[in-house]
$ cat data-v2.cif   # mmCIF, C-alpha atoms
data_work
#
loop_
_atom_site.label_atom_id
_atom_site.label_comp_id
_atom_site.auth_asym_id
_atom_site.auth_seq_id
_atom_site.Cartn_x
_atom_site.Cartn_y
_atom_site.Cartn_z
CA MET A 19 -84.94 84.37 15.26
CA THR A 20 -81.55 85.09 16.81
CA LYS A 21 -79.23 82.11 16.55
CA ALA A 22 -76.59 81.69 19.27
CA LEU A 23 -73.64 79.32 19.25
CA PHE A 24 -72.32 78.10 22.60
CA VAL A 25 -68.72 76.87 22.28
CA VAL A 26 -68.06 74.70 25.33
CA SER A 27 -64.82 73.08 26.48
CA ALA A 28 -64.59 69.31 26.09
CA ALA A 29 -61.88 69.04 28.75
CA ASP A 30 -62.56 67.20 32.00
CA ARG A 31 -59.34 68.26 33.72
CA TRP A 32 -56.90 71.10 34.27
CA THR A 33 -53.20 70.25 34.37
CA LEU A 34 -51.26 72.20 36.99
CA ARG A 35 -47.65 73.36 37.18
CA ASP A 36 -46.54 70.37 39.26
CA GLY A 37 -48.13 67.92 36.81
CA ALA A 38 -51.12 67.25 39.03
CA VAL A 39 -54.46 66.88 37.26
CA HIS A 40 -57.43 68.70 38.75
CA PRO A 41 -60.91 67.49 37.69
CA SER A 42 -62.61 70.26 35.77
CA GLY A 43 -64.88 71.09 32.84
CA TYR A 44 -67.42 73.86 32.29
CA TRP A 45 -68.80 75.98 35.14
CA GLY A 46 -72.48 75.25 35.72
CA GLU A 47 -73.74 78.80 36.32
CA GLU A 48 -71.83 80.17 33.33
CA LEU A 49 -73.60 77.84 30.93
CA ALA A 50 -77.01 77.51 32.58
CA VAL A 51 -77.77 81.17 33.30
CA PRO A 52 -77.00 82.58 29.83
CA HIS A 53 -78.66 79.59 28.14
CA LYS A 54 -81.81 80.22 30.17
CA ILE A 55 -81.82 83.96 29.46
CA PHE A 56 -81.26 83.46 25.74
CA THR A 57 -83.95 80.78 25.56
CA ARG A 58 -86.39 83.03 27.39
CA ALA A 59 -85.63 85.73 24.79
CA GLY A 60 -86.65 83.31 22.05
CA TRP A 61 -83.16 82.61 20.76
CA GLU A 62 -82.21 79.33 19.10
CA ILE A 63 -79.14 77.82 20.78
CA THR A 64 -76.61 75.37 19.38
CA ILE A 65 -73.96 73.80 21.61
CA ALA A 66 -70.66 72.71 20.05
CA THR A 67 -67.49 71.22 21.51
CA PRO A 68 -64.14 70.07 20.13
CA GLY A 69 -64.69 66.66 18.58
CA GLY A 70 -68.40 66.76 19.45
CA LYS A 71 -67.57 65.32 22.89
CA ALA A 72 -70.23 65.75 25.59
CA PRO A 73 -68.91 68.44 27.96
CA THR A 74 -68.13 67.69 31.59
CA LEU A 75 -69.71 69.68 34.40
CA ASP A 76 -67.11 70.86 36.90
CA ARG A 77 -68.49 69.43 40.13
CA LEU A 78 -66.81 72.23 42.06
CA SER A 79 -69.24 74.63 40.39
CA MET A 80 -72.08 72.87 42.19
CA SER A 81 -70.41 72.78 45.60
CA ARG A 82 -71.28 74.93 48.61
CA THR A 83 -68.37 77.27 47.87
CA ALA A 84 -69.81 78.13 44.43
CA GLY A 85 -72.89 80.04 45.56
CA ARG A 86 -76.12 80.11 47.50
CA PRO A 87 -77.86 76.73 47.84
CA SER A 88 -81.00 78.10 46.18
CA LYS A 89 -78.98 79.36 43.22
CA LEU A 90 -77.15 76.06 42.87
CA ARG A 91 -80.44 74.14 42.91
CA GLU A 92 -81.78 76.42 40.20
CA VAL A 93 -78.67 75.85 38.07
CA ALA A 94 -78.84 72.08 38.61
CA ARG A 95 -82.50 71.96 37.58
CA TYR A 96 -81.84 73.93 34.44
CA LEU A 97 -78.85 71.82 33.44
CA ASP A 98 -81.00 68.72 33.92
CA SER A 99 -83.63 70.22 31.61
CA ILE A 100 -81.10 70.66 28.78
CA GLN A 101 -79.13 67.46 29.39
CA THR A 102 -80.12 66.04 26.01
CA GLU A 103 -78.51 69.06 24.32
CA LEU A 104 -75.40 68.69 26.44
CA ASP A 105 -75.14 64.99 25.70
CA SER A 106 -75.19 65.50 21.93
CA PRO A 107 -73.31 68.68 21.00
CA ARG A 108 -72.32 69.47 17.46
CA THR A 109 -68.72 68.99 16.43
CA LEU A 110 -66.89 72.31 16.51
CA GLU A 111 -64.91 71.37 13.42
CA ASP A 112 -68.17 71.23 11.41
CA ILE A 113 -69.48 74.60 12.54
CA ASP A 114 -69.89 77.51 10.12
CA PRO A 115 -69.93 80.65 12.29
CA ASP A 116 -71.74 82.55 9.53
CA GLU A 117 -74.86 80.56 10.49
CA PHE A 118 -75.03 82.33 13.85
CA ASP A 119 -75.83 85.83 15.07
CA VAL A 120 -73.84 85.63 18.30
CA VAL A 121 -71.12 83.35 19.67
CA PHE A 122 -70.83 82.69 23.40
CA TYR A 123 -68.06 80.88 25.32
CA PRO A 124 -68.84 79.88 28.93
CA GLY A 125 -65.90 79.33 31.24
CA GLY A 126 -64.68 76.97 33.89
CA HIS A 127 -61.09 75.73 33.94
CA GLY A 128 -61.81 73.55 30.90
CA PRO A 129 -60.90 76.25 28.34
CA MET A 130 -57.48 76.61 30.01
CA GLU A 131 -56.85 72.96 29.10
CA ASP A 132 -58.19 72.65 25.54
CA LEU A 133 -59.64 75.77 23.89
CA ALA A 134 -56.56 77.86 24.71
CA TYR A 135 -54.65 75.66 22.25
CA ASP A 136 -57.38 74.64 19.79
CA PRO A 137 -56.71 75.95 16.26
CA VAL A 138 -60.30 75.32 15.12
CA SER A 139 -61.69 77.41 17.96
CA GLY A 140 -58.97 80.00 17.38
CA ALA A 141 -59.91 80.35 13.71
CA LEU A 142 -63.59 80.66 14.62
CA LEU A 143 -62.84 83.37 17.19
CA THR A 144 -60.74 85.32 14.69
CA ARG A 145 -63.45 85.11 12.06
CA VAL A 146 -66.25 86.17 14.39
CA LEU A 147 -64.25 89.02 15.93
CA HIS A 148 -63.51 90.43 12.47
CA SER A 149 -67.09 89.89 11.31
CA GLY A 150 -68.49 92.43 13.74
CA LYS A 151 -70.98 89.95 15.18
CA PRO A 152 -71.22 89.81 19.00
CA LEU A 153 -68.61 87.56 20.57
CA ALA A 154 -68.88 86.85 24.31
CA LEU A 155 -66.25 85.24 26.56
CA LEU A 156 -67.02 84.60 30.22
CA CYS A 157 -64.67 84.11 33.20
CA HIS A 158 -61.93 81.65 32.07
CA ALA A 159 -63.25 81.54 28.49
CA PRO A 160 -61.00 84.42 27.31
CA ALA A 161 -58.25 81.79 27.52
CA ALA A 162 -59.65 80.49 24.21
CA ALA A 163 -58.53 83.75 22.61
CA PHE A 164 -54.89 82.67 22.88
CA ALA A 165 -55.43 80.18 20.04
CA ALA A 166 -56.59 82.96 17.70
CA LYS A 167 -54.28 84.61 15.18
CA ASN A 168 -54.50 86.76 12.11
CA GLN A 169 -53.06 85.69 8.77
CA ASP A 170 -49.88 87.62 9.53
CA GLY A 171 -49.51 85.79 12.85
CA SER A 172 -50.55 88.72 15.03
CA TRP A 173 -53.09 88.39 17.83
CA PRO A 174 -56.59 89.60 16.83
CA PHE A 175 -57.45 90.73 20.36
CA THR A 176 -54.50 93.12 20.73
CA GLY A 177 -55.72 96.45 22.08
CA TYR A 178 -59.22 95.20 22.95
CA ARG A 179 -60.48 96.23 26.36
CA MET A 180 -61.55 93.04 28.09
CA THR A 181 -61.87 91.23 31.39
CA GLY A 182 -61.70 87.67 32.70
CA LEU A 183 -61.02 85.90 35.97
CA SER A 184 -58.46 87.94 37.93
CA ASN A 185 -55.29 86.64 39.53
CA LEU A 186 -56.76 87.25 42.99
CA GLU A 187 -59.94 85.34 42.18
CA GLU A 188 -57.93 82.43 40.77
CA LYS A 189 -55.82 82.24 43.90
CA PHE A 190 -58.89 81.94 46.13
CA ASN A 191 -58.71 78.28 45.06
CA SER A 192 -55.76 76.53 46.70
CA PHE A 193 -55.00 74.65 43.48
CA GLY A 194 -55.18 77.93 41.52
CA ARG A 195 -51.84 78.89 43.01
CA LYS A 196 -50.34 75.95 41.09
CA ALA A 197 -51.52 77.19 37.69
CA ILE A 198 -49.04 77.02 34.83
CA TRP A 199 -50.22 80.51 33.88
CA LEU A 200 -52.83 82.94 35.12
CA LEU A 201 -55.43 84.40 32.79
CA GLU A 202 -55.07 88.03 33.87
CA ASP A 203 -51.30 87.93 33.45
CA ARG A 204 -51.40 86.30 30.05
CA LEU A 205 -54.09 88.63 28.69
CA ARG A 206 -51.94 91.60 29.65
CA GLU A 207 -48.78 90.01 28.23
CA SER A 208 -50.53 89.16 24.97
CA GLY A 209 -51.60 92.75 24.38
CA ALA A 210 -55.16 92.99 25.71
CA ASP A 211 -56.24 96.05 27.69
CA TYR A 212 -57.24 94.01 30.73
CA VAL A 213 -59.55 95.60 33.32
CA LYS A 214 -61.33 94.22 36.38
CA ALA A 215 -63.76 95.21 39.11
CA ARG A 216 -62.50 96.96 42.21
CA LEU A 217 -63.76 94.08 44.35
CA PRO A 218 -63.31 90.38 43.51
CA LEU A 219 -66.22 88.03 42.82
CA ARG A 220 -68.58 90.88 41.94
CA PRO A 221 -70.44 91.11 38.61
CA PHE A 222 -68.36 92.99 36.05
CA ILE A 223 -68.61 93.10 32.27
CA VAL A 224 -66.76 94.94 29.54
CA VAL A 225 -67.93 95.70 26.01
CA ASP A 226 -65.43 96.86 23.39
CA ARG A 227 -66.79 97.03 19.87
CA ASN A 228 -68.33 93.56 19.26
CA LEU A 229 -66.37 91.84 22.06
CA TYR A 230 -68.28 91.17 25.29
CA THR A 231 -66.42 89.77 28.30
CA GLY A 232 -67.43 88.92 31.88
CA GLN A 233 -65.01 88.64 34.78
CA ASN A 234 -66.39 85.75 36.82
CA PRO A 235 -69.39 83.43 37.34
CA ALA A 236 -71.30 86.21 39.09
CA SER A 237 -71.16 88.14 35.80
CA SER A 238 -73.16 85.49 33.91
CA GLU A 239 -76.55 87.13 34.22
CA ARG A 240 -75.35 90.67 33.53
CA LEU A 241 -73.42 89.58 30.44
CA ALA A 242 -76.33 87.60 29.02
CA ASP A 243 -78.81 90.39 29.71
CA ARG A 244 -76.54 92.91 27.97
CA LEU A 245 -76.34 90.70 24.88
CA VAL A 246 -80.10 90.26 24.74
CA ASN A 247 -80.65 93.98 25.17
CA ASP A 248 -78.13 94.88 22.47
CA LEU A 249 -79.50 92.35 19.98
CA THR A 250 -83.17 93.17 20.56
CA PRO A 251 -84.54 95.67 18.03
CA GLN A 252 -85.52 98.87 19.80
CA PRO A 253 -88.82 100.59 18.95
CA ARG A 254 -88.47 103.83 17.01
#

$ encode --input "data-v2.cif" --output "structure tokens"
Amino acid sequence: MTKALFVVSAADRWTLRDGAVHPSGYWGEELAVPHKIFTRAGWEITIATPGGKAPTLDRLSMSRTAGRPSKLREVARYLDSIQTELDSPRTLEDIDPDEFDVVFYPGGHGPMEDLAYDPVSGALLTRVLHSGKPLALLCHAPAAAFAAKNQDGSWPFTGYRMTGLSNLEEKFNSFGRKAIWLLEDRLRESGADYVKARLPLRPFIVVDRNLYTGQNPASSERLADRLVNDLTPQPR
């Protein structure tokens, strides 16, 4: 059985450039859709957060601006069905990544607040990236990569082709214009080969070696399906 680790932000806020605190957390679709697809594929899923704190759902991800009402209802129902898992995650500090076949980071603004600076998550990302096992980062989750570093202090993701929420997509939110830093800018500055879709808010994924990235919430299904397809043994 394929074992998947979901590393989820424990943050419930995003601190902006002017010091204002915006309520945040994980994005509903980005956790629910891949979790559902992996479960349907027969995978065993473990959820872990920094400190083992129950993650906070970003309420904005369930608002009318986040998607079609039918889609939001589907996401809400699925999150309700796995609430026990969400309420009792494993402590990230106790996780051995060698126990898992794939590691998946859903986004939301939460990772911009905690995982981007978390040395435990950074060490896990470095180890998994170098292991060759599939590592997937969705939407804002590539922010977690900034905490990763090699033994010589260099950035493990340098030169990797990857995507993540674009500057334009971030600025569609009025509070996004107050960000201390923007993900697209910082990925480029750090040495990633950042790419994005021609049109914003459209599904777009990138695979470079064992690194899988998705640009935005709309990419959740495509990213999860690609992982399942790549990890499913093909008949000879």

$ closest_residue --input "data-v2.cif" --among "A:Thr144, A:Asn228, A:Asn168, A:Thr83" --to "A:Val120" --atoms "only C-alpha atoms"
A:Asn228

$ residues_near_point --input "data-v2.cif" --point "(-54.5, 85.6, 44.2)" --cutoff "12 Å" --atoms "only C-alpha atoms" --output "mmCIF file with C-alpha atoms, keeping the file's coordinate frame"
data_model
loop_
_atom_site.group_PDB
_atom_site.id
_atom_site.type_symbol
_atom_site.label_atom_id
_atom_site.label_comp_id
_atom_site.auth_asym_id
_atom_site.auth_seq_id
_atom_site.Cartn_x
_atom_site.Cartn_y
_atom_site.Cartn_z
ATOM 1 C CA LEU A 183 -61.020 85.900 35.970
ATOM 2 C CA SER A 184 -58.460 87.940 37.930
ATOM 3 C CA ASN A 185 -55.290 86.640 39.530
ATOM 4 C CA LEU A 186 -56.760 87.250 42.990
ATOM 5 C CA GLU A 187 -59.940 85.340 42.180
ATOM 6 C CA GLU A 188 -57.930 82.430 40.770
ATOM 7 C CA LYS A 189 -55.820 82.240 43.900
ATOM 8 C CA PHE A 190 -58.890 81.940 46.130
ATOM 9 C CA ASN A 191 -58.710 78.280 45.060
ATOM 10 C CA SER A 192 -55.760 76.530 46.700
ATOM 11 C CA PHE A 193 -55.000 74.650 43.480
ATOM 12 C CA GLY A 194 -55.180 77.930 41.520
ATOM 13 C CA ARG A 195 -51.840 78.890 43.010
ATOM 14 C CA LYS A 196 -50.340 75.950 41.090
ATOM 15 C CA ALA A 197 -51.520 77.190 37.690
ATOM 16 C CA LEU A 200 -52.830 82.940 35.120
ATOM 17 C CA LEU A 201 -55.430 84.400 32.790
ATOM 18 C CA GLU A 202 -55.070 88.030 33.870
ATOM 19 C CA ASP A 203 -51.300 87.930 33.450
ATOM 20 C CA PRO A 218 -63.310 90.380 43.510
#

$ residues_around --input "data-v2.cif" --residues "A:Trp45" --least-positions-apart "4" --cutoff "8 Å" --atoms "only C-alpha atoms" --output "PyMOL selection string"
chain A and resi 49+75-76+79+124-127+235

$ closest_residue --input "data-v2.cif" --among "A:Glu239, A:Asp226, A:Asp136, A:Asp211" --to "A:Gly69" --atoms "all atoms listed in the file"
A:Asp136

$ resolve_selection --input "data-v2.cif" --expression "the PyMOL selection byres ((chain A and resi 84-93) around 12)" --output "NGL selection string"
:A and (45-54 or 75-83 or 94-100 or 126 or 190-191 or 219 or 234-236 or 238)
